[in-house]
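Student: start-v1.cif is the file, holding mmCIF, C-alpha atoms:
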data_my_file
loop_
_atom_site.group_PDB
_atom_site.id
_atom_site.type_symbol
_atom_site.label_atom_id
_atom_site.label_comp_id
_atom_site.auth_asym_id
_atom_site.auth_seq_id
_atom_site.Cartn_x
_atom_site.Cartn_y
_atom_site.Cartn_z
ATOM 1 C CA MET A 1 -0.257 -64.434 4.296
ATOM 2 C CA PHE A 2 3.441 -63.733 4.763
ATOM 3 C CA GLY A 3 4.287 -66.237 7.493
ATOM 4 C CA PRO A 4 2.968 -69.491 8.896
ATOM 5 C CA PRO A 5 -0.323 -69.470 10.812
ATOM 6 C CA ALA A 6 0.098 -68.631 14.508
ATOM 7 C CA ARG A 7 -0.848 -72.172 15.547
ATOM 8 C CA GLU A 8 2.116 -73.557 13.550
ATOM 9 C CA MET A 9 4.728 -71.204 15.013
ATOM 10 C CA LYS A 10 7.148 -72.420 17.642
ATOM 11 C CA LYS A 11 7.693 -70.842 21.040
ATOM 12 C CA PRO A 12 8.556 -68.092 22.010
ATOM 13 C CA CYS A 13 6.009 -66.849 19.448
ATOM 14 C CA VAL A 14 3.473 -64.310 20.708
ATOM 15 C CA CYS A 15 0.481 -65.993 19.111
ATOM 16 C CA ALA A 16 -1.898 -63.046 19.613
ATOM 17 C CA ALA A 17 0.540 -60.770 17.782
ATOM 18 C CA ALA A 18 0.987 -63.354 15.024
ATOM 19 C CA LYS A 19 -2.804 -63.559 14.567
ATOM 20 C CA LEU A 20 -3.125 -59.775 14.512
ATOM 21 C CA LEU A 21 -0.372 -59.431 11.905
ATOM 22 C CA GLY A 22 -1.874 -62.267 9.865
ATOM 23 C CA VAL A 23 -5.205 -60.431 9.807
ATOM 24 C CA LEU A 24 -3.505 -57.193 8.677
ATOM 25 C CA GLU A 25 -1.575 -59.082 6.005
ATOM 26 C CA SER A 26 -4.790 -60.673 4.689
ATOM 27 C CA PHE A 27 -5.752 -57.367 3.033
ATOM 28 C CA SER A 28 -4.302 -57.005 -0.476
ATOM 29 C CA ASN A 29 -4.608 -53.212 -0.553
ATOM 30 C CA SER A 30 -6.275 -50.304 1.232
ATOM 31 C CA GLU A 31 -9.224 -50.131 -1.185
ATOM 32 C CA GLU A 32 -10.246 -53.771 -0.724
ATOM 33 C CA GLU A 33 -13.288 -54.470 1.471
ATOM 34 C CA VAL A 34 -13.109 -57.850 3.170
ATOM 35 C CA SER A 35 -15.678 -59.726 5.243
ATOM 36 C CA ILE A 36 -14.827 -61.506 8.489
ATOM 37 C CA THR A 37 -15.476 -64.798 6.723
ATOM 38 C CA GLU A 38 -12.957 -63.907 3.994
ATOM 39 C CA VAL A 39 -10.330 -62.845 6.554
ATOM 40 C CA ALA A 40 -10.883 -66.150 8.376
ATOM 41 C CA ARG A 41 -10.449 -68.103 5.129
ATOM 42 C CA ARG A 42 -7.280 -66.229 4.137
ATOM 43 C CA THR A 43 -5.662 -66.604 7.556
ATOM 44 C CA GLY A 44 -6.835 -70.107 8.406
ATOM 45 C CA LEU A 45 -8.599 -68.829 11.533
ATOM 46 C CA THR A 46 -12.115 -69.539 12.703
ATOM 47 C CA TYR A 47 -14.732 -66.800 12.301
ATOM 48 C CA SER A 48 -14.538 -65.794 15.987
ATOM 49 C CA SER A 49 -10.728 -65.944 15.983
ATOM 50 C CA ALA A 50 -10.697 -63.572 12.983
ATOM 51 C CA PHE A 51 -13.313 -61.259 14.510
ATOM 52 C CA ARG A 52 -11.376 -60.452 17.689
ATOM 53 C CA PRO A 53 -8.246 -59.101 15.942
ATOM 54 C CA LEU A 54 -10.436 -57.183 13.439
ATOM 55 C CA TYR A 55 -12.399 -55.625 16.295
ATOM 56 C CA THR A 56 -9.130 -54.620 18.027
ATOM 57 C CA LEU A 57 -7.673 -53.213 14.795
ATOM 58 C CA GLU A 58 -10.875 -51.238 14.214
ATOM 59 C CA LYS A 59 -10.806 -49.743 17.722
ATOM 60 C CA ARG A 60 -7.113 -48.818 17.301
ATOM 61 C CA GLY A 61 -7.748 -47.189 13.905
ATOM 62 C CA TYR A 62 -5.916 -49.634 11.628
ATOM 63 C CA VAL A 63 -9.051 -50.848 9.801
ATOM 64 C CA ASN A 64 -12.430 -49.287 9.048
ATOM 65 C CA ARG A 65 -15.723 -51.127 9.336
ATOM 66 C CA ARG A 66 -18.159 -50.129 6.624
ATOM 67 C CA SER A 67 -21.266 -48.563 8.153
ATOM 68 C CA GLY A 68 -23.986 -51.154 8.718
ATOM 69 C CA ARG A 69 -21.897 -53.922 7.154
ATOM 70 C CA LYS A 70 -19.509 -56.577 8.338
ATOM 71 C CA ARG A 71 -16.884 -55.548 5.800
ATOM 72 C CA TYR A 72 -13.551 -54.004 6.646
ATOM 73 C CA SER A 73 -10.845 -52.089 4.809
ATOM 74 C CA LEU A 74 -7.399 -50.886 5.809
ATOM 75 C CA THR A 75 -7.160 -47.328 7.097
ATOM 76 C CA GLN A 76 -5.082 -45.171 4.812
ATOM 77 C CA GLY A 77 -2.196 -43.246 6.307
ATOM 78 C CA HIS A 78 -2.071 -45.035 9.658
ATOM 79 C CA HIS A 79 1.646 -45.719 9.614
ATOM 80 C CA ARG A 80 4.622 -44.572 11.592
ATOM 81 C CA TYR A 81 7.751 -43.454 9.844
ATOM 82 C CA ARG A 82 11.172 -42.536 11.097
ATOM 83 C CA ILE A 83 12.637 -39.672 9.168
ATOM 84 C CA GLY A 84 16.057 -38.474 10.130
ATOM 85 C CA TYR A 85 18.475 -35.838 9.088
ATOM 86 C CA ALA A 86 21.656 -34.422 10.517
ATOM 87 C CA SER A 87 22.266 -30.755 10.896
ATOM 88 C CA CYS A 88 25.648 -29.129 10.827
ATOM 89 C CA GLY A 89 24.824 -26.703 13.614
ATOM 90 C CA ASN A 90 22.857 -24.182 11.553
ATOM 91 C CA ALA A 91 19.818 -23.508 13.760
ATOM 92 C CA ARG A 92 17.782 -21.844 11.000
ATOM 93 C CA PHE A 93 18.322 -24.801 8.654
ATOM 94 C CA THR A 94 17.316 -27.250 11.420
ATOM 95 C CA GLU A 95 14.149 -25.291 12.215
ATOM 96 C CA GLU A 96 13.114 -25.051 8.566
ATOM 97 C CA VAL A 97 13.729 -28.744 7.877
ATOM 98 C CA SER A 98 11.837 -29.750 11.043
ATOM 99 C CA TRP A 99 8.927 -27.474 10.179
ATOM 100 C CA SER A 100 8.689 -28.761 6.597
ATOM 101 C CA ILE A 101 8.720 -32.399 7.742
ATOM 102 C CA VAL A 102 5.967 -31.741 10.310
ATOM 103 C CA MET A 103 3.819 -29.893 7.726
ATOM 104 C CA ALA A 104 4.281 -32.630 5.109
ATOM 105 C CA ALA A 105 3.385 -35.308 7.684
ATOM 106 C CA ARG A 106 0.218 -33.466 8.707
ATOM 107 C CA LYS A 107 -0.826 -33.067 5.080
ATOM 108 C CA ALA A 108 -0.299 -36.792 4.448
ATOM 109 C CA ALA A 109 -1.895 -37.839 7.787
ATOM 110 C CA VAL A 110 1.352 -39.498 8.871
ATOM 111 C CA THR A 111 2.268 -39.840 12.533
ATOM 112 C CA LEU A 112 5.884 -38.910 13.132
ATOM 113 C CA LEU A 113 8.178 -40.318 15.776
ATOM 114 C CA THR A 114 10.609 -37.597 16.707
ATOM 115 C CA LYS A 115 13.987 -37.809 18.343
ATOM 116 C CA ASN A 116 16.087 -34.852 19.326
ATOM 117 C CA ASN A 117 19.303 -36.601 20.139
ATOM 118 C CA GLU A 118 21.440 -33.452 20.413
ATOM 119 C CA PHE A 119 23.993 -35.142 18.118
ATOM 120 C CA ASN A 120 24.047 -38.246 20.350
ATOM 121 C CA PRO A 121 22.745 -41.274 18.379
ATOM 122 C CA SER A 122 22.238 -43.330 21.553
ATOM 123 C CA ALA A 123 19.801 -40.835 23.120
ATOM 124 C CA PRO A 124 16.340 -42.414 23.685
ATOM 125 C CA PRO A 125 13.376 -41.293 21.543
ATOM 126 C CA ARG A 126 10.896 -38.917 23.136
#
Go ahead and render the structure in this file as structure tokens.
Tutor:
Amino acid sequence: MFGPPAREMKKPCVCAAAKLLGVLESFSNSEEEVSITEVARRTGLTYSSAFRPLYTLEKRGYVNRRSGRKRYSLTQGHHRYRIGYASCGNARFTEEVSWSIVMAARKAAVTLLTKNNEFNPSAPPR
């Protein structure tokens, strides 16, 4: 675990978020299969307190539950990345770079966050 258990954190800690992150951090790698009991031991949570975040993470696609078993593993490729580049006004270059990034992300099962800021770095993401 990378930080203190949620129960030991001071306010204004969002304890539910701290528990959820603690559960995610309890996996050593994406190939490892971990039981609820093992997650509870690693995080210092009770069995039911470990189950709820695992259930939520499973429903949101961050962990997989092995069919017919109470063992979980991290989902591969469920990350968000910010990839940026600046164009010098060459529309063809911009289109080709954008297309290649989108294709590479699809191939790697990566979700992209895109931002067309029209050369304005303070423009909000879309």
Student: Please write as a list in words the full residue list that the PyMOL selection byres ((chain A and resi 57) around 12) yields on this file.
Tutor: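 Output of the PyMOL selection byres ((chain A and resi 57) around 12): Ala17, Lys19, Leu20, Leu21, Gly22, Val23, Leu24, Ala50, Phe51, Arg52, Pro53, Leu54, Tyr55, Thr56, Glu58, Lys59, Arg60, Gly61, Tyr62, Val63, Asn64, Arg65, Tyr72, Ser73, Leu74, Thr75 and His78 of chain A.
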Student: Figure out the distance between CA of Arg66 (chain A) and CA of Ser26 (chain A), please, to one decimal in Å.
Tutor: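 Between CA of Ser26 (chain A) and CA of Arg66 (chain A) the gap works out to 17.1 Å.
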Student: CA of Ala40 (chain A) and CA of Arg69 (chain A) are how many Å apart?
Tutor: 16.5 Å
Student: Measure the distance from CA of Glu33 (chain A) to CA of Arg71 (chain A) in Å and round it to one decimal.
Tutor: 5.7 Å
Student: Considering only C-alpha atoms, can you say which of A:Asn29, A:Ser48, A:Val34, A:Glu95 comes closest to Gln76 (chain A)?
Tutor: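 Nearest to Gln76 (chain A): A:Asn29.
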